[in-house]
$ cat model_28.tsv   # TSV, C-alpha atoms
chain	number	residue	atom	x	y	z
A	112	MET	CA	70.39	100.58	106.40
A	113	LEU	CA	70.76	103.65	108.58
A	114	VAL	CA	67.52	104.79	110.17
A	115	VAL	CA	67.61	108.58	110.19
A	116	ALA	CA	65.67	110.29	112.95
A	117	VAL	CA	62.81	112.55	111.95
A	118	GLY	CA	62.37	115.96	113.46
A	119	ILE	CA	65.92	116.42	114.73
A	120	ALA	CA	67.40	119.84	114.07
A	121	GLY	CA	69.95	120.31	111.30
A	122	CYS	CA	73.62	121.19	111.52
A	123	GLY	CA	74.35	124.12	113.78
A	124	ALA	CA	70.96	124.13	115.51
A	125	LYS	CA	71.53	124.09	119.30
A	126	GLU	CA	73.96	121.19	119.13
A	127	VAL	CA	74.43	119.99	122.68
A	128	ARG	CA	78.09	119.10	122.30
A	129	LYS	CA	79.52	121.46	124.89
A	130	THR	CA	83.28	121.80	124.83
A	131	GLU	CA	83.42	124.47	127.53
A	132	ASP	CA	84.58	122.13	130.31
A	133	LEU	CA	87.47	120.74	128.27
A	134	GLN	CA	88.33	124.09	126.73
A	135	GLU	CA	88.87	125.51	130.19
A	136	LYS	CA	91.62	122.94	130.77
A	137	SER	CA	95.17	123.11	129.51
A	138	TRP	CA	96.41	120.42	127.14
A	139	GLU	CA	98.55	119.05	129.97
A	140	GLU	CA	95.43	118.73	132.15
A	141	ILE	CA	93.58	116.93	129.35
A	142	LEU	CA	96.47	114.48	128.97
A	143	ALA	CA	96.53	113.92	132.72
A	144	GLU	CA	92.79	113.19	132.68
A	145	ALA	CA	93.29	110.76	129.79
A	146	ARG	CA	96.16	108.84	131.39
A	147	GLY	CA	95.14	105.43	132.66
A	148	THR	CA	91.96	105.34	130.56
A	149	THR	CA	90.82	103.25	127.60
A	150	VAL	CA	89.73	104.79	124.28
A	151	ASN	CA	87.07	102.81	122.43
A	152	PHE	CA	87.74	103.35	118.73
A	153	TYR	CA	84.94	102.22	116.41
A	154	GLY	CA	85.38	101.93	112.66
A	155	TRP	CA	85.58	99.72	109.61
A	156	GLY	CA	87.57	96.58	110.35
A	157	GLY	CA	87.66	94.98	106.92
A	158	ASP	CA	91.38	95.37	106.21
A	159	GLN	CA	93.64	93.13	108.29
A	160	ARG	CA	96.74	95.23	107.55
A	161	ILE	CA	95.07	98.33	108.98
A	162	ASN	CA	93.79	96.36	111.96
A	163	LYS	CA	97.25	94.98	112.61
A	164	TRP	CA	98.82	98.42	112.36
A	165	LEU	CA	96.36	99.85	114.88
A	166	ASP	CA	96.68	96.91	117.26
A	167	GLU	CA	100.40	96.24	117.04
A	168	VAL	CA	101.92	99.63	116.20
A	169	VAL	CA	99.63	102.46	117.28
A	170	ALA	CA	98.16	100.91	120.43
A	171	PRO	CA	101.49	100.01	122.11
A	172	ARG	CA	102.99	103.41	121.30
A	173	LEU	CA	99.89	105.22	122.54
A	174	GLU	CA	100.01	103.35	125.85
A	175	ASP	CA	103.77	103.84	126.23
A	176	LYS	CA	103.60	107.56	125.42
A	177	TYR	CA	100.37	108.59	127.13
A	178	GLY	CA	99.30	105.69	129.33
A	179	ILE	CA	96.15	105.23	127.22
A	180	LYS	CA	94.86	101.83	126.12
A	181	LEU	CA	93.29	101.57	122.67
A	182	ASN	CA	90.32	99.25	122.23
A	183	ARG	CA	89.64	98.87	118.50
A	184	VAL	CA	86.12	97.72	117.65
A	185	GLY	CA	85.51	96.75	114.03
A	186	MET	CA	82.00	97.75	113.00
A	187	ASP	CA	80.41	99.06	109.82
A	188	ILE	CA	79.61	102.77	109.94
A	189	ASP	CA	75.86	102.31	109.42
A	190	GLU	CA	75.77	100.10	112.54
A	191	ILE	CA	77.79	102.69	114.46
A	192	LEU	CA	75.46	105.52	113.48
A	193	ASN	CA	72.38	103.45	114.29
A	194	LYS	CA	73.90	102.70	117.69
A	195	LEU	CA	74.56	106.40	118.37
A	196	LEU	CA	71.13	107.38	117.11
A	197	GLY	CA	69.51	104.81	119.39
A	198	GLU	CA	71.49	106.11	122.36
A	199	LYS	CA	70.46	109.69	121.57
A	200	GLN	CA	66.81	108.79	121.29
A	201	ALA	CA	67.05	106.88	124.58
A	202	GLY	CA	68.68	109.87	126.28
A	203	ARG	CA	71.94	108.08	127.08
A	204	GLU	CA	74.34	110.83	128.13
A	205	LYS	CA	77.21	108.35	128.53
A	206	GLY	CA	77.66	105.97	125.63
A	207	SER	CA	80.27	103.37	124.75
A	208	ILE	CA	82.08	104.92	121.75
A	209	ASP	CA	84.90	107.46	122.14
A	210	VAL	CA	86.15	107.88	118.57
A	211	VAL	CA	84.53	107.11	115.20
A	212	TRP	CA	86.24	106.64	111.82
A	213	ILE	CA	83.95	108.51	109.46
A	214	ASN	CA	83.58	110.63	106.32
A	215	GLY	CA	81.31	111.63	103.47
A	216	GLU	CA	77.60	110.97	103.62
A	217	ASN	CA	77.99	109.37	107.05
A	218	PHE	CA	79.48	112.56	108.50
A	219	TYR	CA	76.65	114.50	106.89
A	220	THR	CA	74.12	112.15	108.52
A	221	ALA	CA	75.85	112.36	111.90
A	222	ARG	CA	75.88	116.17	111.85
A	223	ARG	CA	72.28	116.37	110.67
A	224	ASN	CA	71.22	114.17	113.58
A	225	GLU	CA	73.46	115.92	116.15
A	226	LEU	CA	75.47	112.82	116.97
A	227	LEU	CA	78.89	114.47	117.27
A	228	PHE	CA	80.82	116.36	119.94
A	229	GLY	CA	82.54	119.57	118.99
A	230	PRO	CA	83.94	121.68	117.64
A	231	PHE	CA	87.17	120.19	118.97
A	232	THR	CA	89.98	120.48	116.38
A	233	SER	CA	91.12	123.86	117.74
A	234	MET	CA	91.94	122.05	121.00
A	235	LEU	CA	94.49	119.74	119.36
A	236	PRO	CA	98.12	120.97	119.43
A	237	ASN	CA	99.12	118.79	116.45
A	238	PHE	CA	96.18	120.04	114.40
A	239	GLN	CA	97.30	123.61	115.05
A	240	LYS	CA	100.94	122.80	114.32
A	241	TYR	CA	100.79	120.45	111.33
A	242	VAL	CA	97.45	120.80	109.52
A	243	ASP	CA	96.70	123.50	106.94
A	244	PRO	CA	93.33	124.97	108.00
A	245	ASP	CA	92.80	126.40	104.51
A	246	ASP	CA	93.07	123.00	102.82
A	247	PRO	CA	89.69	122.46	101.09
A	248	GLU	CA	89.54	118.87	102.43
A	249	VAL	CA	90.13	120.15	105.97
A	250	LYS	CA	87.29	122.64	105.62
A	251	ASN	CA	84.78	120.40	103.81
A	252	ASP	CA	84.00	116.69	103.73
A	253	PHE	CA	82.38	115.63	100.43
A	254	GLY	CA	81.06	119.17	100.08
A	255	HIS	CA	79.79	119.55	103.64
A	256	PRO	CA	81.35	122.03	106.11
A	257	ILE	CA	83.37	120.31	108.85
A	258	GLU	CA	83.44	123.25	111.28
A	259	GLY	CA	85.75	121.45	113.71
A	260	TYR	CA	83.52	118.39	114.21
A	261	GLU	CA	86.04	115.92	112.79
A	262	ALA	CA	89.82	115.83	112.38
A	263	PRO	CA	91.59	114.49	109.28
A	264	TYR	CA	92.89	110.93	109.67
A	265	GLY	CA	94.35	110.22	106.23
A	266	ARG	CA	93.89	110.78	102.52
A	267	ALA	CA	92.77	108.26	99.95
A	268	GLN	CA	92.77	108.25	96.18
A	269	PHE	CA	91.28	105.76	93.77
A	270	VAL	CA	94.02	103.74	92.05
A	271	LEU	CA	93.87	100.80	89.64
A	272	THR	CA	96.43	97.99	89.51
A	273	TYR	CA	97.62	95.43	86.97
A	274	ASP	CA	100.21	92.67	86.80
A	275	SER	CA	102.79	93.73	84.21
A	276	ALA	CA	103.76	90.07	83.76
A	277	ARG	CA	100.24	89.36	82.45
A	278	LEU	CA	99.20	92.66	80.91
A	279	PRO	CA	101.74	94.66	78.88
A	280	GLU	CA	102.05	98.35	79.71
A	281	SER	CA	100.92	99.24	76.18
A	282	GLU	CA	97.49	97.75	76.96
A	283	VAL	CA	97.00	99.50	80.32
A	284	PRO	CA	93.86	101.63	79.86
A	285	LYS	CA	94.31	105.37	80.32
A	286	ASP	CA	90.60	106.19	80.05
A	287	HIS	CA	87.16	104.59	79.91
A	288	ARG	CA	87.34	104.01	76.14
A	289	ALA	CA	90.56	102.03	76.43
A	290	LEU	CA	89.05	100.05	79.33
A	291	LEU	CA	86.14	99.01	77.11
A	292	GLU	CA	88.52	97.92	74.36
A	293	LEU	CA	90.51	95.90	76.88
A	294	ALA	CA	87.35	94.21	78.14
A	295	LYS	CA	86.36	93.33	74.58
A	296	LYS	CA	89.81	91.87	73.91
A	297	TYR	CA	89.79	89.84	77.14
A	298	PRO	CA	86.11	89.09	77.84
A	299	GLY	CA	85.40	87.98	81.38
A	300	ARG	CA	88.72	89.29	82.71
A	301	ILE	CA	87.50	92.72	83.91
A	302	THR	CA	85.05	93.50	86.72
A	303	TYR	CA	84.45	95.74	89.72
A	304	PRO	CA	82.71	95.35	93.09
A	305	ALA	CA	79.01	96.10	93.21
A	306	PRO	CA	77.73	98.92	95.39
A	307	PRO	CA	77.22	99.33	98.29
A	308	ASP	CA	80.89	98.26	98.38
A	309	PHE	CA	82.70	101.58	98.79
A	310	THR	CA	85.39	100.90	96.18
A	311	GLY	CA	82.87	99.64	93.64
A	312	SER	CA	80.82	102.78	94.14
A	313	ALA	CA	83.99	104.87	93.72
A	314	PHE	CA	84.77	103.06	90.44
A	315	ILE	CA	81.32	104.00	89.12
A	316	ARG	CA	81.84	107.64	90.11
A	317	ASN	CA	85.26	107.60	88.42
A	318	ILE	CA	83.72	106.29	85.22
A	319	ILE	CA	81.10	109.05	85.39
A	320	CYS	CA	83.83	111.67	85.80
A	321	ASP	CA	85.83	110.20	82.92
A	322	VAL	CA	82.84	110.00	80.57
A	323	VAL	CA	80.96	113.24	81.29
A	324	GLY	CA	83.52	115.26	83.26
A	325	ARG	CA	83.74	115.97	86.99
A	326	GLU	CA	82.13	119.38	86.49
A	327	LYS	CA	78.84	117.74	85.45
A	328	LEU	CA	78.32	116.65	89.06
A	329	GLU	CA	78.53	120.18	90.42
A	330	GLY	CA	75.29	121.72	91.61
A	331	LEU	CA	73.15	118.65	91.01
A	332	ASP	CA	70.18	118.37	93.35
A	333	PRO	CA	70.10	114.86	94.88
A	334	GLY	CA	66.38	115.33	95.37
A	335	ASP	CA	65.91	115.57	91.61
A	336	LYS	CA	66.77	112.04	90.57
A	337	LYS	CA	65.66	112.65	86.99
A	338	ALA	CA	68.13	115.53	86.61
A	339	VAL	CA	70.95	113.42	88.09
A	340	GLU	CA	70.12	110.55	85.75
A	341	GLU	CA	70.09	112.89	82.76
A	342	ALA	CA	73.47	114.39	83.72
A	343	ILE	CA	75.19	111.01	84.03
A	344	SER	CA	73.29	109.16	81.29
A	345	PRO	CA	76.29	108.89	78.89
A	346	ALA	CA	78.25	107.15	81.65
A	347	ILE	CA	75.33	104.83	82.41
A	348	GLU	CA	75.12	103.94	78.71
A	349	TYR	CA	78.85	103.26	78.73
A	350	MET	CA	78.53	100.88	81.70
A	351	ARG	CA	75.67	99.09	79.97
A	352	GLU	CA	77.91	98.67	76.90
A	353	LEU	CA	80.76	97.40	79.09
A	354	LYS	CA	78.59	94.97	81.04
A	355	PRO	CA	78.45	91.93	78.66
A	356	PHE	CA	82.27	91.85	78.45
A	357	LEU	CA	82.73	91.74	82.23
A	358	TRP	CA	83.33	88.72	84.45
A	359	LYS	CA	80.27	86.46	84.28
A	360	LYS	CA	79.00	88.78	81.53
A	361	GLY	CA	78.02	91.33	84.14
A	362	GLU	CA	75.32	89.06	85.52
A	363	SER	CA	77.17	88.97	88.82
A	364	TYR	CA	79.74	91.22	90.47
A	365	PRO	CA	82.20	90.70	93.32
A	366	ALA	CA	80.44	91.60	96.57
A	367	THR	CA	83.50	93.07	98.27
A	368	LEU	CA	86.87	94.58	97.51
A	369	ALA	CA	88.51	91.63	99.28
A	370	GLN	CA	86.88	89.26	96.80
A	371	LEU	CA	88.13	91.38	93.90
A	372	HIS	CA	91.68	91.36	95.31
A	373	ASN	CA	91.58	87.57	95.67
A	374	MET	CA	90.40	87.16	92.08
A	375	PHE	CA	93.22	89.43	90.91
A	376	ALA	CA	95.84	87.60	92.97
A	377	ASP	CA	94.62	84.28	91.51
A	378	GLY	CA	94.94	85.63	87.96
A	379	GLU	CA	91.21	85.38	87.32
A	380	ILE	CA	90.95	89.06	86.39
A	381	LEU	CA	93.45	91.49	84.87
A	382	ILE	CA	92.79	94.67	86.87
A	383	SER	CA	92.12	95.36	90.53
A	384	MET	CA	91.48	98.65	92.27
A	385	ASP	CA	91.53	100.29	95.68
A	386	TYR	CA	90.77	103.61	97.33
A	387	ALA	CA	93.95	103.18	99.39
A	388	PRO	CA	96.55	104.32	96.82
A	389	TYR	CA	99.42	102.21	98.20
A	390	ALA	CA	97.38	99.13	99.03
A	391	ALA	CA	98.81	97.21	96.06
A	392	ALA	CA	102.35	98.15	97.08
A	393	GLY	CA	101.65	96.80	100.55
A	394	LYS	CA	100.23	93.56	99.16
A	395	VAL	CA	103.34	93.11	97.00
A	396	LYS	CA	105.54	93.52	100.07
A	397	THR	CA	103.50	90.94	102.02
A	398	GLY	CA	103.41	88.50	99.09
A	399	GLU	CA	99.66	88.75	98.56
A	400	PHE	CA	100.16	90.23	95.09
A	401	PRO	CA	102.80	89.22	92.49
A	402	ALA	CA	106.04	91.20	92.39
A	403	MET	CA	105.30	92.67	88.95
A	404	VAL	CA	102.09	94.41	90.00
A	405	ARG	CA	102.00	98.11	89.15
A	406	SER	CA	99.50	100.94	89.73
A	407	PHE	CA	97.90	103.42	87.33
A	408	VAL	CA	95.23	106.11	87.16
A	409	PHE	CA	93.22	107.51	84.26
A	410	GLU	CA	94.73	110.46	82.40
A	411	LYS	CA	91.88	112.75	83.51
A	412	GLY	CA	92.55	111.74	87.09
A	413	THR	CA	90.79	109.77	89.81
A	414	LEU	CA	88.73	110.67	92.82
A	415	GLY	CA	90.38	111.42	96.13
A	416	ASN	CA	88.97	112.06	99.55
A	417	THR	CA	90.01	112.54	103.14
A	418	HIS	CA	88.75	110.33	105.93
A	419	TYR	CA	88.36	111.62	109.45
A	420	LEU	CA	88.05	110.92	113.15
A	421	ALA	CA	85.10	112.25	115.13
A	422	ILE	CA	83.97	112.09	118.75
A	423	PRO	CA	80.37	111.08	119.55
A	424	PHE	CA	78.17	113.47	121.49
A	425	ASN	CA	78.06	111.06	124.45
A	426	ALA	CA	81.64	109.72	124.34
A	427	PRO	CA	82.47	108.57	127.89
A	428	ASN	CA	86.18	109.43	127.54
A	429	LYS	CA	86.42	112.68	125.61
A	430	ALA	CA	89.83	113.55	127.09
A	431	GLY	CA	91.24	110.21	125.94
A	432	ALA	CA	89.62	110.69	122.52
A	433	LEU	CA	91.29	114.09	122.12
A	434	ALA	CA	94.67	112.66	123.12
A	435	PHE	CA	94.32	109.76	120.68
A	436	ILE	CA	93.29	111.95	117.74
A	437	ASN	CA	96.09	114.40	118.50
A	438	TYR	CA	98.58	111.52	118.46
A	439	ILE	CA	97.24	110.33	115.09
A	440	LEU	CA	98.10	113.78	113.70
A	441	SER	CA	101.74	113.52	114.75
A	442	PRO	CA	104.40	113.12	112.02
A	443	GLU	CA	105.43	109.84	113.64
A	444	VAL	CA	102.00	108.23	113.16
A	445	GLN	CA	101.28	109.84	109.80
A	446	ALA	CA	104.59	108.50	108.43
A	447	SER	CA	103.96	105.06	109.89
A	448	LYS	CA	100.52	105.02	108.25
A	449	ASN	CA	102.04	106.13	104.93
A	450	ASP	CA	104.26	103.03	104.79
A	451	PRO	CA	102.64	100.47	102.42
A	452	VAL	CA	103.59	97.64	104.77
A	453	ASN	CA	101.38	99.17	107.46
A	454	TRP	CA	98.62	100.79	105.38
A	455	GLY	CA	99.84	103.01	102.54
A	456	ASP	CA	97.47	105.86	103.42
A	457	LEU	CA	98.41	109.35	102.25
A	458	PRO	CA	99.29	111.82	105.04
A	459	VAL	CA	97.06	114.75	106.03
A	460	ILE	CA	99.73	116.97	107.54
A	461	ASP	CA	101.31	119.87	105.64
A	462	PHE	CA	104.90	119.04	104.63
A	463	ASN	CA	105.77	122.74	104.67
A	464	ARG	CA	105.19	122.72	108.43
A	465	LEU	CA	107.59	119.85	109.10
A	466	SER	CA	111.13	120.09	110.42
A	467	PRO	CA	113.94	118.41	108.41
A	468	GLU	CA	113.92	115.52	110.90
A	469	GLU	CA	110.15	115.11	110.53
A	470	LYS	CA	110.37	115.20	106.73
A	471	LYS	CA	112.97	112.46	106.86
A	472	LEU	CA	110.38	110.13	108.43
A	473	PHE	CA	108.55	110.21	105.10
A	474	GLU	CA	111.60	110.34	102.86
A	475	ASP	CA	112.89	107.09	104.38
A	476	ILE	CA	109.76	105.14	103.42
A	477	ASN	CA	110.31	102.62	100.63
A	478	LEU	CA	107.09	102.75	98.62
A	479	GLY	CA	108.23	100.10	96.15
A	480	ASP	CA	107.71	99.78	92.41
A	481	ALA	CA	103.98	99.12	92.68
A	482	ALA	CA	103.24	102.60	94.06
A	483	LEU	CA	102.71	105.88	92.25
A	484	PRO	CA	104.55	108.92	93.68
A	485	GLY	CA	102.48	111.15	95.94
A	486	ASP	CA	102.99	114.25	93.82
A	487	TYR	CA	101.93	112.32	90.69
A	488	LEU	CA	98.70	111.31	92.43
A	489	GLN	CA	98.07	114.81	93.77
A	490	ALA	CA	98.34	116.26	90.25
A	491	ARG	CA	95.62	113.83	89.10
A	492	ARG	CA	93.33	114.10	92.11
A	493	LEU	CA	89.63	114.84	91.54
A	494	ALA	CA	87.34	116.07	94.30
A	495	GLU	CA	84.53	113.78	95.39
A	496	PRO	CA	81.01	115.00	94.57
A	497	ASP	CA	78.57	116.06	97.24
A	498	ALA	CA	77.98	113.15	99.64
A	499	SER	CA	74.22	113.29	99.18
A	500	LEU	CA	74.62	112.42	95.48
A	501	ILE	CA	76.27	109.06	96.15
A	502	PRO	CA	73.18	107.04	97.16
A	503	VAL	CA	71.29	108.49	94.18
A	504	ILE	CA	74.06	107.49	91.76
A	505	GLU	CA	74.17	104.00	93.29
A	506	GLU	CA	70.40	103.67	92.95
A	507	ILE	CA	70.53	104.68	89.29
A	508	TRP	CA	73.33	102.16	88.65
A	509	VAL	CA	71.27	99.37	90.24
A	510	GLU	CA	68.21	100.23	88.18
A	511	LYS	CA	69.88	100.94	84.84
A	512	VAL	CA	72.94	98.69	84.85
A	513	LEU	CA	72.67	95.88	87.41
A	514	LYS	CA	69.04	95.03	86.65
A	515	GLU	CA	69.30	95.54	82.90
A	516	GLY	CA	67.96	92.48	81.11
A	517	LYS	CA	66.80	90.83	84.32
$ encode --input "model_28.tsv" --output "structure tokens"
Amino acid sequence: MLVVAVGIAGCGAKEVRKTEDLQEKSWEEILAEARGTTVNFYGWGGDQRINKWLDEVVAPRLEDKYGIKLNRVGMDIDEILNKLLGEKQAGREKGSIDVVWINGENFYTARRNELLFGPFTSMLPNFQKYVDPDDPEVKNDFGHPIEGYEAPYGRAQFVLTYDSARLPESEVPKDHRALLELAKKYPGRITYPAPPDFTGSAFIRNIICDVVGREKLEGLDPGDKKAVEEAISPAIEYMRELKPFLWKKGESYPATLAQLHNMFADGEILISMDYAPYAAAGKVKTGEFPAMVRSFVFEKGTLGNTHYLAIPFNAPNKAGALAFINYILSPEVQASKNDPVNWGDLPVIDFNRLSPEEKKLFEDINLGDAALPGDYLQARRLAEPDASLIPVIEEIWVEKVLKEGK
């Protein structure tokens, strides 16, 4: 668990993340300073396709183009934030992390504890050229103002998948009610990862939105657990009703998304899920999933969010970090990341700002039959609730669903 420092000023209070020195330099001078350096990039390393893309596609191109080596370090975000917090408390002005993959409640925690350098996005040429500054997900991260302290990396949206060779399209659930009927018809063949797994937590939030409506989560005070529980109680009752028809009768849940995917690939369960919308398409292309796998979302929509890149307050190579993040925001990298073979992450750049040649980078991508079109997903995209609500919702699920009958 993340240990949050006590007594540290909140966001915007004398944040010692001075950008003056770098702001005085031209972009060419920043690139010159970055050349010949190594950027230490810390973030979740649980997906081998993403790791491979970073190591075998992004890193060689980054070194060839800018003379910068990329050192990817796979580490869970709570460990990363604890590391930064420890360095701050110890007064370490030069740390070991240059770039962090972050979003949501973790960004909120990092800002609250003054762990980030910035604002820096105005210094990035590709941010200025390709990113829409008025995009709500560029301005706010899970309801919290970004204010230039992180740059968008990619977009995600919760998507469910099924094997059309095993489950006919007529039985694919379009809402929570149909999912319950499916679970009753095929007991033990439906499940979801247990929180704190990110995708399992997202599934629970999607069910809440489908049962009570996304608007019910607006304005809830995370400090008033009773009010939160009351607002989402119909969804909690639904999950309690669903529980006995789940895999192992809901007495146990997959611990990770990887476990869920393996169960789906083995035919043990009928439906899988992912917050990477083209993950299933990528797994079909690599042979991990059967060829007849298809994706779907609920009729009311599914949650989507943007994930970001930030620079720690004591990053030893801030020039290299800026160069790396700027490169990530190029059409070349965003298109490469959009390809399901590499990742299948949705792009964060504004297509209206692209040249015909740059648009063609995306048009040439073969998403495959397992993927849903980007515009279809966008039309069914629901905003994530305030980040501070997530741990409260997870706690209520543990108490009222997981521990029910135990």
$ closest_residue --input "model_28.tsv" --among "A:Ala392, A:Ala221, A:Ala267, A:Leu493" --to "Pro451 in chain A" --atoms "all atoms listed in the file"
A:Ala392
$ residues_near_point --input "model_28.tsv" --point "(89.6, 88.2, 91.7)" --cutoff "12 Å" --atoms "only C-alpha atoms" --output "JSON, numbers by chain"
{"A": [273, 299, 300, 301, 302, 303, 304, 358, 364, 365, 366, 367, 368, 369, 370, 371, 372, 373, 374, 375, 376, 377, 378, 379, 380, 381, 382, 383, 384, 400]}
$ closest_residue --input "model_28.tsv" --among "A:Asn425, A:Asn463, A:Asn217, A:Ser344" --to "Arg203 in chain A" --atoms "all atoms listed in the file"
A:Asn425
$ atom_distance --input "model_28.tsv" --atom1 "CA of Leu293 in chain A" --atom2 "CA of Gly398 in chain A"
26.7 Å
$ atom_distance --input "model_28.tsv" --atom1 "CA of Ala170 in chain A" --atom2 "CA of Val452 in chain A"
16.9 Å
$ atom_distance --input "model_28.tsv" --atom1 "CA of Gly147 in chain A" --atom2 "CA of Gly197 in chain A"
28.9 Å
$ closest_residue --input "model_28.tsv" --among "A:Asp175, A:Glu469, A:Glu399, A:Glu329" --to "Gly254 in chain A" --atoms "all atoms listed in the file"
A:Glu329
$ residues_around --input "model_28.tsv" --residues "Ile319 in chain A" --least-positions-apart "4" --cutoff "8 Å" --atoms "all atoms listed in the file" --output "ChimeraX atom specification"
/A:315,323-325,343,346-347
$ residues_around --input "model_28.tsv" --residues "range 225-233 of chain A" --least-positions-apart "2" --cutoff "6 Å" --atoms "all atoms listed in the file" --output "count of residues only"
10
$ closest_residue --input "model_28.tsv" --among "A:Leu331, A:Ala143, A:Leu278, A:Val184" --to "Trp155 in chain A" --atoms "all atoms listed in the file"
A:Val184
$ build_atoms --input "model_28.tsv" --residues "range 294-308 of chain A" --atoms "N, CA, C and O atoms" --output "PDB file, in the frame of the given file"
ATOM      1  N   ALA A 294      88.364  95.194  77.750  1.00  0.00           N
ATOM      2  CA  ALA A 294      87.350  94.210  78.140  1.00  0.00           C
ATOM      3  C   ALA A 294      86.874  93.399  76.933  1.00  0.00           C
ATOM      4  O   ALA A 294      86.618  92.197  77.038  1.00  0.00           O
ATOM      5  N   LYS A 295      86.775  94.050  75.802  1.00  0.00           N
ATOM      6  CA  LYS A 295      86.360  93.330  74.580  1.00  0.00           C
ATOM      7  C   LYS A 295      87.448  92.355  74.132  1.00  0.00           C
ATOM      8  O   LYS A 295      87.142  91.264  73.640  1.00  0.00           O
ATOM      9  N   LYS A 296      88.706  92.745  74.316  1.00  0.00           N
ATOM     10  CA  LYS A 296      89.810  91.870  73.910  1.00  0.00           C
ATOM     11  C   LYS A 296      89.955  90.687  74.846  1.00  0.00           C
ATOM     12  O   LYS A 296      90.306  89.583  74.416  1.00  0.00           O
ATOM     13  N   TYR A 297      89.684  90.908  76.144  1.00  0.00           N
ATOM     14  CA  TYR A 297      89.790  89.840  77.140  1.00  0.00           C
ATOM     15  C   TYR A 297      88.462  89.693  77.874  1.00  0.00           C
ATOM     16  O   TYR A 297      88.336  90.041  79.054  1.00  0.00           O
ATOM     17  N   PRO A 298      87.433  89.193  77.205  1.00  0.00           N
ATOM     18  CA  PRO A 298      86.110  89.090  77.840  1.00  0.00           C
ATOM     19  C   PRO A 298      86.153  88.221  79.097  1.00  0.00           C
ATOM     20  O   PRO A 298      86.813  87.187  79.133  1.00  0.00           O
ATOM     21  N   GLY A 299      85.463  88.701  80.116  1.00  0.00           N
ATOM     22  CA  GLY A 299      85.400  87.980  81.380  1.00  0.00           C
ATOM     23  C   GLY A 299      86.552  88.248  82.322  1.00  0.00           C
ATOM     24  O   GLY A 299      86.565  87.729  83.434  1.00  0.00           O
ATOM     25  N   ARG A 300      87.526  89.071  81.885  1.00  0.00           N
ATOM     26  CA  ARG A 300      88.720  89.290  82.710  1.00  0.00           C
ATOM     27  C   ARG A 300      88.722  90.665  83.408  1.00  0.00           C
ATOM     28  O   ARG A 300      89.710  91.050  84.028  1.00  0.00           O
ATOM     29  N   ILE A 301      87.639  91.414  83.269  1.00  0.00           N
ATOM     30  CA  ILE A 301      87.500  92.720  83.910  1.00  0.00           C
ATOM     31  C   ILE A 301      86.221  92.719  84.732  1.00  0.00           C
ATOM     32  O   ILE A 301      85.197  92.182  84.303  1.00  0.00           O
ATOM     33  N   THR A 302      86.259  93.330  85.908  1.00  0.00           N
ATOM     34  CA  THR A 302      85.050  93.500  86.720  1.00  0.00           C
ATOM     35  C   THR A 302      85.314  94.550  87.781  1.00  0.00           C
ATOM     36  O   THR A 302      86.409  95.114  87.870  1.00  0.00           O
ATOM     37  N   TYR A 303      84.315  94.812  88.590  1.00  0.00           N
ATOM     38  CA  TYR A 303      84.450  95.740  89.720  1.00  0.00           C
ATOM     39  C   TYR A 303      83.425  95.364  90.782  1.00  0.00           C
ATOM     40  O   TYR A 303      82.409  94.729  90.474  1.00  0.00           O
ATOM     41  N   PRO A 304      83.670  95.706  92.040  1.00  0.00           N
ATOM     42  CA  PRO A 304      82.710  95.350  93.090  1.00  0.00           C
ATOM     43  C   PRO A 304      81.396  96.100  92.908  1.00  0.00           C
ATOM     44  O   PRO A 304      81.372  97.243  92.439  1.00  0.00           O
ATOM     45  N   ALA A 305      80.330  95.459  93.304  1.00  0.00           N
ATOM     46  CA  ALA A 305      79.010  96.100  93.210  1.00  0.00           C
ATOM     47  C   ALA A 305      78.757  96.966  94.427  1.00  0.00           C
ATOM     48  O   ALA A 305      79.064  96.570  95.551  1.00  0.00           O
ATOM     49  N   PRO A 306      78.195  98.158  94.232  1.00  0.00           N
ATOM     50  CA  PRO A 306      77.730  98.920  95.390  1.00  0.00           C
ATOM     51  C   PRO A 306      76.743  98.084  96.198  1.00  0.00           C
ATOM     52  O   PRO A 306      76.046  97.247  95.599  1.00  0.00           O
ATOM     53  N   PRO A 307      76.678  98.216  97.510  1.00  0.00           N
ATOM     54  CA  PRO A 307      77.220  99.330  98.290  1.00  0.00           C
ATOM     55  C   PRO A 307      78.693  99.216  98.668  1.00  0.00           C
ATOM     56  O   PRO A 307      79.150 100.006  99.495  1.00  0.00           O
ATOM     57  N   ASP A 308      79.450  98.266  98.107  1.00  0.00           N
ATOM     58  CA  ASP A 308      80.890  98.260  98.380  1.00  0.00           C
ATOM     59  C   ASP A 308      81.453  99.628  98.021  1.00  0.00           C
ATOM     60  O   ASP A 308      81.212 100.162  96.933  1.00  0.00           O
TER      61      ASP A 308
END
